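**Q** Pasting query_9.cif here (mmCIF, C-alpha atoms):
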```cif
data_query
loop_
_atom_site.group_PDB
_atom_site.id
_atom_site.type_symbol
_atom_site.label_atom_id
_atom_site.label_comp_id
_atom_site.auth_asym_id
_atom_site.auth_seq_id
_atom_site.Cartn_x
_atom_site.Cartn_y
_atom_site.Cartn_z
ATOM 1 C CA MET A 1 -103.049 13.706 71.239
ATOM 2 C CA VAL A 2 -101.117 12.933 74.455
ATOM 3 C CA ASP A 3 -97.378 13.552 74.322
ATOM 4 C CA GLU A 4 -94.952 10.735 75.264
ATOM 5 C CA PRO A 5 -93.475 12.170 78.536
ATOM 6 C CA ALA A 6 -96.959 12.812 79.933
ATOM 7 C CA ARG A 7 -98.048 9.290 78.967
ATOM 8 C CA ARG A 8 -95.027 7.701 80.663
ATOM 9 C CA ALA A 9 -95.644 9.696 83.844
ATOM 10 C CA ASP A 10 -99.179 8.324 84.109
ATOM 11 C CA LEU A 11 -97.935 4.701 84.230
ATOM 12 C CA PRO A 12 -97.054 2.929 87.492
ATOM 13 C CA ALA A 13 -93.294 2.488 88.031
ATOM 14 C CA PRO A 14 -92.894 -1.184 86.884
ATOM 15 C CA GLU A 15 -94.925 -0.609 83.728
ATOM 16 C CA GLN A 16 -93.137 2.676 83.054
ATOM 17 C CA ALA A 17 -89.752 0.885 83.065
ATOM 18 C CA GLU A 18 -91.117 -1.769 80.693
ATOM 19 C CA TYR A 19 -92.551 0.923 78.423
ATOM 20 C CA GLU A 20 -89.247 2.812 78.303
ATOM 21 C CA GLN A 21 -87.379 -0.424 77.522
ATOM 22 C CA GLU A 22 -89.675 -0.946 74.537
ATOM 23 C CA LEU A 23 -88.887 2.554 73.297
ATOM 24 C CA GLU A 24 -85.089 2.240 73.637
ATOM 25 C CA PRO A 25 -83.341 0.953 70.546
ATOM 26 C CA ASP A 26 -82.262 -2.630 70.827
ATOM 27 C CA GLU A 27 -79.143 -3.362 68.796
ATOM 28 C CA THR A 28 -80.061 -7.009 68.339
ATOM 29 C CA ARG A 29 -83.490 -6.091 67.071
ATOM 30 C CA ASP A 30 -82.000 -3.534 64.647
ATOM 31 C CA PHE A 31 -79.503 -6.097 63.424
ATOM 32 C CA GLU A 32 -82.236 -8.699 62.845
ATOM 33 C CA ALA A 33 -84.453 -6.169 61.071
ATOM 34 C CA GLY A 34 -81.545 -5.118 58.833
ATOM 35 C CA ASP A 35 -80.833 -8.766 57.967
ATOM 36 C CA GLU A 36 -84.482 -9.344 57.174
ATOM 37 C CA VAL A 37 -84.583 -6.287 54.899
ATOM 38 C CA ASP A 38 -81.419 -7.476 53.136
ATOM 39 C CA GLU A 39 -82.927 -10.949 52.669
ATOM 40 C CA LEU A 40 -86.113 -9.437 51.278
ATOM 41 C CA ARG A 41 -84.157 -7.220 48.886
ATOM 42 C CA GLN A 42 -82.149 -10.246 47.739
ATOM 43 C CA ARG A 43 -85.375 -12.230 47.240
ATOM 44 C CA VAL A 44 -86.923 -9.352 45.221
ATOM 45 C CA THR A 45 -83.781 -9.219 43.063
ATOM 46 C CA GLU A 46 -83.968 -12.996 42.481
ATOM 47 C CA LEU A 47 -87.664 -12.781 41.558
ATOM 48 C CA GLU A 48 -87.042 -9.874 39.186
ATOM 49 C CA ASP A 49 -84.279 -11.906 37.543
ATOM 50 C CA ARG A 50 -86.595 -14.928 37.178
ATOM 51 C CA LEU A 51 -89.302 -12.704 35.721
ATOM 52 C CA LEU A 52 -86.937 -11.215 33.152
ATOM 53 C CA ARG A 53 -85.649 -14.674 32.204
ATOM 54 C CA SER A 54 -89.203 -15.968 31.855
ATOM 55 C CA LEU A 55 -90.163 -13.042 29.647
ATOM 56 C CA ALA A 56 -87.087 -13.634 27.488
ATOM 57 C CA ASP A 57 -87.938 -17.357 27.253
ATOM 58 C CA LEU A 58 -91.501 -16.503 26.236
ATOM 59 C CA ASP A 59 -90.277 -14.079 23.583
ATOM 60 C CA ASN A 60 -87.870 -16.714 22.221
ATOM 61 C CA PHE A 61 -90.680 -19.297 22.196
ATOM 62 C CA ARG A 62 -92.921 -16.931 20.233
ATOM 63 C CA LYS A 63 -90.176 -16.312 17.679
ATOM 64 C CA ARG A 64 -89.475 -20.061 17.348
ATOM 65 C CA ALA A 65 -93.182 -20.857 16.975
ATOM 66 C CA ALA A 66 -93.612 -18.172 14.314
ATOM 67 C CA ALA A 67 -90.612 -19.503 12.377
ATOM 68 C CA GLN A 68 -91.937 -23.079 12.629
ATOM 69 C CA MET A 69 -95.351 -21.980 11.373
ATOM 70 C CA VAL A 70 -93.777 -20.269 8.361
ATOM 71 C CA ALA A 71 -91.684 -23.371 7.629
ATOM 72 C CA ALA A 72 -94.695 -25.692 7.968
ATOM 73 C CA ARG A 73 -96.804 -23.468 5.702
ATOM 74 C CA ASP A 74 -94.030 -23.361 3.092
ATOM 75 C CA GLU A 75 -93.657 -27.163 3.261
ATOM 76 C CA GLU A 76 -97.391 -27.679 2.809
ATOM 77 C CA ARG A 77 -97.552 -25.256 -0.112
ATOM 78 C CA ALA A 78 -94.666 -27.096 -1.781
ATOM 79 C CA ARG A 79 -96.420 -30.434 -1.201
ATOM 80 C CA VAL A 80 -99.642 -29.140 -2.781
ATOM 81 C CA ALA A 81 -97.788 -27.638 -5.745
ATOM 82 C CA THR A 82 -95.947 -30.934 -6.253
ATOM 83 C CA GLU A 83 -99.292 -32.756 -6.357
ATOM 84 C CA TRP A 84 -100.481 -30.429 -9.147
ATOM 85 C CA LEU A 85 -97.347 -30.642 -11.329
ATOM 86 C CA PRO A 86 -98.435 -33.796 -13.227
ATOM 87 C CA VAL A 87 -101.816 -32.186 -13.962
ATOM 88 C CA ILE A 88 -100.095 -29.134 -15.438
ATOM 89 C CA ASP A 89 -97.746 -31.380 -17.449
ATOM 90 C CA HIS A 90 -100.716 -33.219 -18.963
ATOM 91 C CA LEU A 91 -102.522 -29.982 -19.771
ATOM 92 C CA ASP A 92 -99.375 -28.812 -21.572
ATOM 93 C CA LEU A 93 -99.345 -32.054 -23.570
ATOM 94 C CA ALA A 94 -103.016 -31.599 -24.474
ATOM 95 C CA LEU A 95 -102.344 -28.056 -25.685
ATOM 96 C CA ALA A 96 -99.351 -29.235 -27.710
ATOM 97 C CA HIS A 97 -101.649 -31.636 -29.567
ATOM 98 C CA ALA A 98 -104.482 -29.147 -30.102
ATOM 99 C CA ALA A 99 -104.379 -29.670 -33.852
ATOM 100 C CA ALA A 100 -104.859 -33.440 -33.462
ATOM 101 C CA ASP A 101 -108.102 -35.380 -33.682
ATOM 102 C CA PRO A 102 -110.728 -33.676 -31.457
ATOM 103 C CA ASN A 103 -111.807 -37.003 -29.985
ATOM 104 C CA THR A 104 -108.310 -37.680 -28.626
ATOM 105 C CA ILE A 105 -108.142 -34.175 -27.167
ATOM 106 C CA VAL A 106 -111.498 -34.634 -25.401
ATOM 107 C CA GLU A 107 -110.315 -37.977 -24.033
ATOM 108 C CA GLY A 108 -107.069 -36.340 -22.882
ATOM 109 C CA VAL A 109 -108.987 -33.594 -21.067
ATOM 110 C CA ARG A 110 -111.117 -36.265 -19.343
ATOM 111 C CA VAL A 111 -107.953 -37.997 -18.135
ATOM 112 C CA VAL A 112 -106.499 -34.718 -16.849
ATOM 113 C CA ARG A 113 -109.797 -33.966 -15.082
ATOM 114 C CA GLU A 114 -109.732 -37.354 -13.345
ATOM 115 C CA GLN A 115 -106.129 -36.714 -12.372
ATOM 116 C CA ALA A 116 -107.097 -33.304 -10.903
ATOM 117 C CA LEU A 117 -109.979 -34.875 -8.955
ATOM 118 C CA ALA A 118 -107.570 -37.488 -7.567
ATOM 119 C CA VAL A 119 -105.212 -34.713 -6.451
ATOM 120 C CA MET A 120 -108.068 -32.954 -4.658
ATOM 121 C CA SER A 121 -109.048 -36.195 -2.959
ATOM 122 C CA ARG A 122 -105.449 -36.919 -1.830
ATOM 123 C CA LEU A 123 -105.301 -33.408 -0.381
ATOM 124 C CA GLY A 124 -108.388 -34.222 1.712
ATOM 125 C CA PHE A 125 -111.060 -32.557 -0.435
ATOM 126 C CA PRO A 126 -112.980 -35.305 -2.237
ATOM 127 C CA ARG A 127 -115.596 -34.297 -4.809
ATOM 128 C CA ASP A 128 -119.231 -34.476 -3.685
ATOM 129 C CA ASP A 129 -121.560 -34.611 -6.686
ATOM 130 C CA GLU A 130 -123.844 -37.472 -5.817
ATOM 131 C CA ALA A 131 -127.576 -37.181 -6.510
ATOM 132 C CA GLY A 132 -130.189 -39.437 -4.927
ATOM 133 C CA VAL A 133 -128.785 -39.086 -1.404
ATOM 134 C CA PRO A 134 -130.561 -37.473 1.554
ATOM 135 C CA PHE A 135 -129.946 -33.733 1.891
ATOM 136 C CA ASP A 136 -127.305 -33.026 4.568
ATOM 137 C CA PRO A 137 -126.844 -29.350 5.521
ATOM 138 C CA ALA A 138 -123.262 -30.124 6.622
ATOM 139 C CA GLN A 139 -122.394 -31.194 3.044
ATOM 140 C CA HIS A 140 -125.003 -29.523 0.856
ATOM 141 C CA GLU A 141 -126.269 -26.041 0.148
ATOM 142 C CA ALA A 142 -129.834 -26.089 -1.150
ATOM 143 C CA VAL A 143 -130.265 -23.683 -4.068
ATOM 144 C CA GLY A 144 -133.749 -24.842 -4.968
ATOM 145 C CA THR A 145 -136.532 -27.330 -4.409
ATOM 146 C CA VAL A 146 -138.655 -29.204 -6.870
ATOM 147 C CA PRO A 147 -141.621 -31.514 -6.504
ATOM 148 C CA ALA A 148 -140.429 -34.974 -7.448
ATOM 149 C CA GLU A 149 -142.799 -37.882 -7.803
ATOM 150 C CA GLY A 150 -141.440 -41.156 -6.528
ATOM 151 C CA THR A 151 -138.618 -39.448 -4.642
ATOM 152 C CA PRO A 152 -138.818 -38.940 -0.877
ATOM 153 C CA ALA A 153 -138.871 -35.309 0.264
ATOM 154 C CA GLY A 154 -135.427 -34.057 1.285
ATOM 155 C CA THR A 155 -133.507 -35.995 -1.371
ATOM 156 C CA VAL A 156 -130.832 -34.415 -3.570
ATOM 157 C CA VAL A 157 -132.248 -34.612 -7.106
ATOM 158 C CA GLU A 158 -129.669 -32.456 -8.926
ATOM 159 C CA VAL A 159 -126.151 -31.235 -8.188
ATOM 160 C CA VAL A 160 -125.754 -27.718 -9.577
ATOM 161 C CA ARG A 161 -122.168 -27.264 -8.416
ATOM 162 C CA PRO A 162 -120.109 -30.057 -6.815
ATOM 163 C CA GLY A 163 -118.675 -29.685 -3.330
ATOM 164 C CA TYR A 164 -115.129 -30.448 -2.247
ATOM 165 C CA GLY A 165 -114.770 -31.583 1.359
ATOM 166 C CA ARG A 166 -114.423 -28.648 3.748
ATOM 167 C CA LEU A 167 -113.629 -26.214 0.919
ATOM 168 C CA ARG A 168 -117.232 -25.725 -0.112
ATOM 169 C CA PRO A 169 -120.547 -27.547 0.112
ATOM 170 C CA ALA A 170 -122.259 -28.958 -2.955
ATOM 171 C CA SER A 171 -124.971 -26.671 -4.351
ATOM 172 C CA VAL A 172 -127.994 -28.905 -4.851
ATOM 173 C CA VAL A 173 -131.656 -28.975 -5.757
ATOM 174 C CA VAL A 174 -133.721 -30.905 -3.210
ATOM 175 C CA SER A 175 -137.019 -32.732 -3.665
ATOM 176 C CA LYS A 176 -140.088 -31.598 -1.812
ATOM 177 C CA GLU A 177 -143.461 -33.206 -1.381
ATOM 178 C CA HIS A 178 -145.410 -33.404 -4.633
ATOM 179 C CA ASP A 179 -147.968 -30.594 -4.815
ATOM 180 C CA GLY A 180 -150.063 -32.201 -7.556
ATOM 181 C CA GLU A 181 -153.526 -33.673 -7.215
ATOM 182 C CA PRO A 182 -153.776 -37.314 -6.264
ATOM 183 C CA GLY A 183 -153.631 -39.601 -9.264
ATOM 184 C CA SER A 184 -152.103 -37.049 -11.606
#
```
Show me the file's structure as structure tokens.
**A**
Amino acid sequence: MVDEPARRADLPAPEQAEYEQELEPDETRDFEAGDEVDELRQRVTELEDRLLRSLADLDNFRKRAAAQMVAARDEERARVATEWLPVIDHLDLALAHAAADPNTIVEGVRVVREQALAVMSRLGFPRDDEAGVPFDPAQHEAVGTVPAEGTPAGTVVEVVRPGYGRLRPASVVVSKEHDGEPGS
């Protein structure tokens, strides 16, 4: 590495003076550099402050959203429970009259069942227990197949367990092509 005095001595006189001027501290340049550093420090401080405020806002948003979700869930649970109250009231009435005529009790249970099915439907989960419709894998779960004469293949011939909207699919038995001999 060449040392500075030797390097300056190698330069012609006009360039040497220019080189030395570049090396001498310039007060104006120092002042401008100091101002720029101060401005940058101030900008960093402002950005750190904005970052901290944004993080605090995000944390507050998360807390608010969590509280709103809890409140919405509690509201929905109360709405569902309110829908079921009349069904429970009618079951209590049926039990209170257990010693009465069995035919009236059976009729009362049928009414309560219809009321329960209506509640499920109002909550968005209608009963699916229809036979004779084409099998739909989005609504049905096939639990068996049977040959069925006179019924097109892929038709629901029996509902083993009814479905309720998105809660569960109906468990069904589906027709398949008849395996018997022609004319039998």
**Q** When the PyMOL selection byres ((chain A and resi 171) around 6) is applied to the structure above, which residues does it catch, written out as a list in words?
**A** His140, Glu141, Ala142, Val160, Arg161, Ala170 and Val172 of chain A
**Q** From the list A:Val156, A:Ala118, A:Leu91, A:Ala65, which residue is nearest A:Ile105 when using all atoms listed in the file?
**A** A:Leu91
**Q** Enter the distance from atom CA of A:Asp136 to atom CA of A:Tyr164, in Å, rounded to one decimal.
**A**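 Straight-line distance from atom CA of A:Asp136 to atom CA of A:Tyr164 works out to 14.2 Å.
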**Q** What does the distance between atom CA of A:Pro86 and atom CA of A:Ser121 come to in Å, to one decimal place?
**A** 15.0 Å
**Q** Give the answer as one residue: which of A:Asp129, A:Glu107, A:Glu76, A:Asp49 has the shortest atom-to-atom distance to A:Ala94, using all atoms listed in the file?
**A**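 When distances to A:Ala94 are compared using all atoms listed in the file, the smallest one comes from A:Glu107.
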**Q** For A:Glu114, list every protein, DNA or RNA residue within 10 Å, evaluated using only C-alpha atoms, and leave out those in the same chain fewer than 6 positions away; present the list as a ChimeraX atom specification.
**A** /A:87,108,120
**Q** Between atom CA of A:Ala78 and atom CA of A:His90, what is the distance in Å, rounded to a tenth?
**A**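 Going from atom CA of A:Ala78 over to atom CA of A:His90 covers 19.2 Å.
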**Q** When you write stretch 128-171 of chain A out from the block above, keep C-alpha atoms and present the result as a compact mmCIF listing (two decimals), in the first residue's frame, please.
**A**
```
# COMPACT_ATOMS: atom_id res chain seq x y z
CA ASP A 128 -83.48 -34.81 4.12
CA ASP A 129 -85.31 -38.14 4.16
CA GLU A 130 -86.71 -38.34 0.68
CA ALA A 131 -86.60 -41.64 -1.21
CA GLY A 132 -87.06 -41.93 -4.97
CA VAL A 133 -84.64 -39.10 -5.77
CA PRO A 134 -81.35 -39.45 -7.66
CA PHE A 135 -78.35 -40.18 -5.43
CA ASP A 136 -76.32 -37.00 -4.79
CA PRO A 137 -72.96 -37.50 -3.03
CA ALA A 138 -73.16 -33.91 -1.72
CA GLN A 139 -76.36 -34.79 0.20
CA HIS A 140 -76.27 -38.56 0.59
CA GLU A 141 -73.97 -41.19 2.02
CA ALA A 142 -74.53 -44.57 0.39
CA VAL A 143 -74.55 -47.36 2.98
CA GLY A 144 -75.70 -50.05 0.59
CA THR A 145 -76.98 -50.93 -2.86
CA VAL A 146 -79.80 -53.17 -3.91
CA PRO A 147 -81.05 -54.36 -7.27
CA ALA A 148 -84.39 -52.69 -7.84
CA GLU A 149 -86.61 -53.60 -10.75
CA GLY A 150 -88.39 -50.67 -12.32
CA THR A 151 -86.13 -48.15 -10.59
CA PRO A 152 -83.29 -46.46 -12.48
CA ALA A 153 -79.80 -47.23 -11.18
CA GLY A 154 -78.50 -44.54 -8.83
CA THR A 155 -81.85 -43.80 -7.19
CA VAL A 156 -82.32 -43.55 -3.42
CA VAL A 157 -84.62 -46.45 -2.53
CA GLU A 158 -84.39 -46.28 1.28
CA VAL A 159 -83.31 -43.67 3.81
CA VAL A 160 -81.57 -45.42 6.71
CA ARG A 161 -80.80 -42.25 8.65
CA PRO A 162 -82.07 -38.80 7.62
CA GLY A 163 -79.66 -35.97 6.87
CA TYR A 164 -79.86 -32.42 8.17
CA GLY A 165 -78.42 -29.79 5.84
CA ARG A 166 -74.69 -29.32 6.35
CA LEU A 167 -74.74 -31.15 9.70
CA ARG A 168 -74.71 -34.61 8.19
CA PRO A 169 -75.65 -36.32 4.94
CA ALA A 170 -78.55 -38.75 4.73
CA SER A 171 -77.47 -42.40 4.96
```
